[in-house]
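Printed here is coords20.pdb (PDB, C-alpha atoms):
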ATOM      1  CA  THR A   1     -29.589 -35.723  98.064
ATOM      2  CA  SER A   2     -30.632 -33.564  95.125
ATOM      3  CA  VAL A   3     -32.070 -30.084  94.670
ATOM      4  CA  LEU A   4     -35.174 -29.178  92.652
ATOM      5  CA  PRO A   5     -36.533 -25.739  91.710
ATOM      6  CA  ILE A   6     -39.729 -24.704  93.500
ATOM      7  CA  ARG A   7     -42.183 -21.982  92.538
ATOM      8  CA  ASN A   8     -44.277 -19.745  94.760
ATOM      9  CA  GLY A   9     -42.221 -20.775  97.784
ATOM     10  CA  GLU A  10     -40.346 -18.925 100.499
ATOM     11  CA  LYS A  11     -37.249 -20.662  99.059
ATOM     12  CA  GLN A  12     -36.297 -21.139  95.412
ATOM     13  CA  PHE A  13     -35.024 -24.718  95.749
ATOM     14  CA  LEU A  14     -36.107 -27.874  97.577
ATOM     15  CA  THR A  15     -33.709 -30.553  98.800
ATOM     16  CA  VAL A  16     -34.893 -34.129  98.284
ATOM     17  CA  ALA A  17     -33.482 -37.522  99.301
ATOM     18  CA  ASN A  18     -34.406 -41.191  99.189
ATOM     19  CA  ASP A  19     -36.494 -42.400 102.115
ATOM     20  CA  GLU A  20     -34.488 -45.608 102.625
ATOM     21  CA  ASN A  21     -31.299 -47.376 101.602
ATOM     22  CA  ALA A  22     -31.862 -50.325  99.281
ATOM     23  CA  LYS A  23     -30.122 -53.655  99.628
ATOM     24  CA  ILE A  24     -31.007 -56.023  96.823
ATOM     25  CA  LEU A  25     -29.595 -59.501  96.215
ATOM     26  CA  LEU A  26     -29.135 -59.977  92.459
ATOM     27  CA  PRO A  27     -27.587 -62.578  90.164
ATOM     28  CA  LYS A  28     -23.859 -62.123  89.580
ATOM     29  CA  ASN A  29     -24.006 -60.858  85.982
ATOM     30  CA  ALA A  30     -27.356 -59.060  86.136
ATOM     31  CA  ASP A  31     -27.873 -56.072  83.845
ATOM     32  CA  ILE A  32     -28.815 -53.397  86.432
ATOM     33  CA  SER A  33     -30.390 -50.027  85.712
ATOM     34  CA  CYS A  34     -32.034 -47.240  87.700
ATOM     35  CA  GLU A  35     -34.481 -44.649  86.399
ATOM     36  CA  VAL A  36     -35.409 -41.617  88.507
ATOM     37  CA  PHE A  37     -38.827 -39.984  88.162
ATOM     38  CA  LEU A  38     -39.011 -36.386  89.438
ATOM     39  CA  PRO A  39     -41.087 -33.394  88.338
ATOM     40  CA  GLN A  40     -39.322 -30.609  86.432
ATOM     41  CA  VAL A  41     -40.700 -27.989  88.828
ATOM     42  CA  LEU A  42     -42.561 -28.115  92.133
ATOM     43  CA  TYR A  43     -45.058 -25.656  93.575
ATOM     44  CA  ALA A  44     -45.201 -24.619  97.230
ATOM     45  CA  PRO A  45     -46.328 -25.547  99.779
ATOM     46  CA  VAL A  46     -44.336 -28.756 100.321
ATOM     47  CA  GLU A  47     -44.185 -30.671 103.595
ATOM     48  CA  LYS A  48     -41.145 -32.472 104.989
ATOM     49  CA  GLY A  49     -41.434 -36.173 104.159
ATOM     50  CA  GLU A  50     -43.805 -35.568 101.225
ATOM     51  CA  ARG A  51     -43.267 -37.986  98.317
ATOM     52  CA  ILE A  52     -41.817 -36.005  95.408
ATOM     53  CA  GLY A  53     -40.929 -38.868  93.067
ATOM     54  CA  TYR A  54     -39.322 -42.284  92.987
ATOM     55  CA  ALA A  55     -36.382 -44.327  91.702
ATOM     56  CA  LEU A  56     -37.096 -47.570  89.853
ATOM     57  CA  PHE A  57     -34.428 -50.279  89.851
ATOM     58  CA  ARG A  58     -34.409 -52.984  87.165
ATOM     59  CA  ALA A  59     -32.424 -56.190  86.781
ATOM     60  CA  ASN A  60     -32.368 -57.881  83.376
ATOM     61  CA  GLY A  61     -35.298 -55.695  82.294
ATOM     62  CA  SER A  62     -37.568 -56.595  85.230
ATOM     63  CA  ASN A  63     -38.573 -54.154  87.966
ATOM     64  CA  VAL A  64     -36.967 -55.265  91.236
ATOM     65  CA  TYR A  65     -37.228 -52.319  93.654
ATOM     66  CA  ILE A  66     -38.760 -48.854  94.044
ATOM     67  CA  ILE A  67     -37.479 -46.202  96.446
ATOM     68  CA  ASN A  68     -39.506 -43.091  97.235
ATOM     69  CA  ILE A  69     -37.839 -39.703  96.904
ATOM     70  CA  ILE A  70     -39.079 -37.325  99.584
ATOM     71  CA  SER A  71     -38.756 -33.696 100.660
ATOM     72  CA  THR A  72     -36.204 -33.119 103.410
ATOM     73  CA  GLU A  73     -37.804 -29.841 104.511
ATOM     74  CA  ASP A  74     -41.007 -27.810 104.738
ATOM     75  CA  ILE A  75     -41.389 -24.989 102.246
ATOM     76  CA  LYS A  76     -44.269 -22.597 102.784
ATOM     77  CA  GLU A  77     -46.025 -20.696 100.052
ATOM     78  CA  LYS A  78     -44.570 -17.217  99.557
ATOM     79  CA  LYS A  79     -46.844 -14.407 100.687
ATOM     80  CA  LYS A  80     -47.678 -12.070  97.836
ATOM     81  CA  THR A  81     -47.155  -8.340  98.108
ATOM     82  CA  LEU A  82     -50.051  -5.979  97.457
ATOM     83  CA  THR A  83     -48.592  -5.177  94.011
ATOM     84  CA  GLU A  84     -48.368  -8.887  93.145
ATOM     85  CA  LYS A  85     -51.973  -9.385  94.295
ATOM     86  CA  LEU A  86     -53.201  -6.487  92.173
ATOM     87  CA  PHE A  87     -51.073  -6.920  89.049
ATOM     88  CA  GLY A  88     -49.799 -10.499  89.187
ATOM     89  CA  GLU A  89     -46.193 -11.604  89.433
TER      90      GLU A  89
END

Can you present the structure in this file as structure tokens?
Amino acid sequence: TSVLPIRNGEKQFLTVANDENAKILLPKNADISCEVFLPQVLYAPVEKGERIGYALFRANGSNVYIINIISTEDIKEKKKTLTEKLFGE
């Protein structure tokens, strides 16, 4: 699991995780790499199970597997106070 900052939410951070465990059969001396694609910042609302990003696995330079990274929780949009509504945040 990882944690990402979230704006305009009832919480300041969102916990994310992969949606499955990967098992990939690869050649013995394969050059393996993984690149993770996630936004710098998220904006509420976010629903549990929502796709936030993905991880791309490569072997010898070729794409071999993609795993979705999803939200592990719901985060509602923060309700603004009257002052915030009138004058902004």

* To do: Counting only C-alpha atoms, note down every residue that has an atom within 7 Å of the point (-41.8, -50.9, 89.3) (file coordinates), as a ChimeraX atom specification.
  => /A:56,63-66

* Pick from A:Leu38, A:Leu86, A:Val3, A:Ile32, whichever lies nearest to Asn60 in chain A using only C-alpha atoms -> A:Ile32

* To do: Identify all residues satisfying the PyMOL selection byres ((chain A and resi 70) around 9) in the given file; provide them as a ChimeraX atom specification.
  => /A:15-19,48-54,68-69,71-72

* Which neighbours of Asp74 in chain A fall inside 8 Å, counting only C-alpha atoms, when residues of the same chain fewer than 6 positions from it are skipped, and could you give them as a ChimeraX atom specification? -> /A:45-48

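Residue nearest Pro27 in chain A within the list A:Val41, A:Ala59, A:Ile75, A:Leu82: A:Ala59 [criterion: smallest interatomic distance, all atoms listed in the file].
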
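Between Gly61 in chain A and the candidates A:Ala44, A:Thr81, A:Gly88, A:Asp31, the tightest atom-to-atom separation, counting only C-alpha atoms, involves A:Asp31.
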
Would you kindly place N, CA, C and O atoms on range 44-58 of chain A and return the model as a short mmCIF file (atom, residue, chain, number, x, y, z; two decimals), in the frame of the given file?
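Listed below is the output, part11.cif:
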data_model
loop_
_atom_site.label_atom_id
_atom_site.label_comp_id
_atom_site.auth_asym_id
_atom_site.auth_seq_id
_atom_site.Cartn_x
_atom_site.Cartn_y
_atom_site.Cartn_z
N ALA A 44 -45.00 -24.67 95.78
CA ALA A 44 -45.20 -24.62 97.23
C ALA A 44 -46.70 -24.59 97.50
O ALA A 44 -47.46 -24.12 96.67
N PRO A 45 -47.12 -25.07 98.65
CA PRO A 45 -46.33 -25.55 99.78
C PRO A 45 -45.93 -27.02 99.62
O PRO A 45 -46.59 -27.78 98.92
N VAL A 46 -44.83 -27.37 100.28
CA VAL A 46 -44.34 -28.76 100.32
C VAL A 46 -44.02 -29.09 101.78
O VAL A 46 -43.41 -28.28 102.48
N GLU A 47 -44.44 -30.26 102.22
CA GLU A 47 -44.18 -30.67 103.60
C GLU A 47 -43.00 -31.64 103.67
O GLU A 47 -42.80 -32.44 102.75
N LYS A 48 -42.26 -31.55 104.75
CA LYS A 48 -41.14 -32.47 104.99
C LYS A 48 -41.70 -33.90 104.98
O LYS A 48 -42.72 -34.18 105.58
N GLY A 49 -41.01 -34.78 104.25
CA GLY A 49 -41.43 -36.17 104.16
C GLY A 49 -42.42 -36.45 103.03
O GLY A 49 -42.76 -37.61 102.79
N GLU A 50 -42.87 -35.40 102.34
CA GLU A 50 -43.80 -35.57 101.22
C GLU A 50 -43.12 -36.28 100.06
O GLU A 50 -41.99 -35.97 99.71
N ARG A 51 -43.82 -37.25 99.46
CA ARG A 51 -43.27 -37.99 98.32
C ARG A 51 -43.22 -37.05 97.11
O ARG A 51 -44.24 -36.51 96.68
N ILE A 52 -42.02 -36.89 96.55
CA ILE A 52 -41.82 -36.01 95.41
C ILE A 52 -41.69 -36.82 94.12
O ILE A 52 -42.08 -36.39 93.05
N GLY A 53 -41.13 -37.99 94.22
CA GLY A 53 -40.93 -38.87 93.07
C GLY A 53 -40.45 -40.22 93.54
O GLY A 53 -40.62 -40.59 94.70
N TYR A 54 -39.83 -40.97 92.63
CA TYR A 54 -39.32 -42.28 92.99
C TYR A 54 -38.19 -42.71 92.06
O TYR A 54 -38.01 -42.15 90.98
N ALA A 55 -37.44 -43.72 92.51
CA ALA A 55 -36.38 -44.33 91.70
C ALA A 55 -36.77 -45.78 91.48
O ALA A 55 -37.11 -46.49 92.43
N LEU A 56 -36.72 -46.21 90.23
CA LEU A 56 -37.10 -47.57 89.85
C LEU A 56 -35.84 -48.34 89.45
O LEU A 56 -35.11 -47.92 88.56
N PHE A 57 -35.59 -49.44 90.14
CA PHE A 57 -34.43 -50.28 89.85
C PHE A 57 -34.88 -51.49 89.05
O PHE A 57 -35.90 -52.12 89.38
N ARG A 58 -34.11 -51.83 88.02
CA ARG A 58 -34.41 -52.98 87.16
C ARG A 58 -33.19 -53.90 87.10
O ARG A 58 -32.06 -53.43 87.13
#
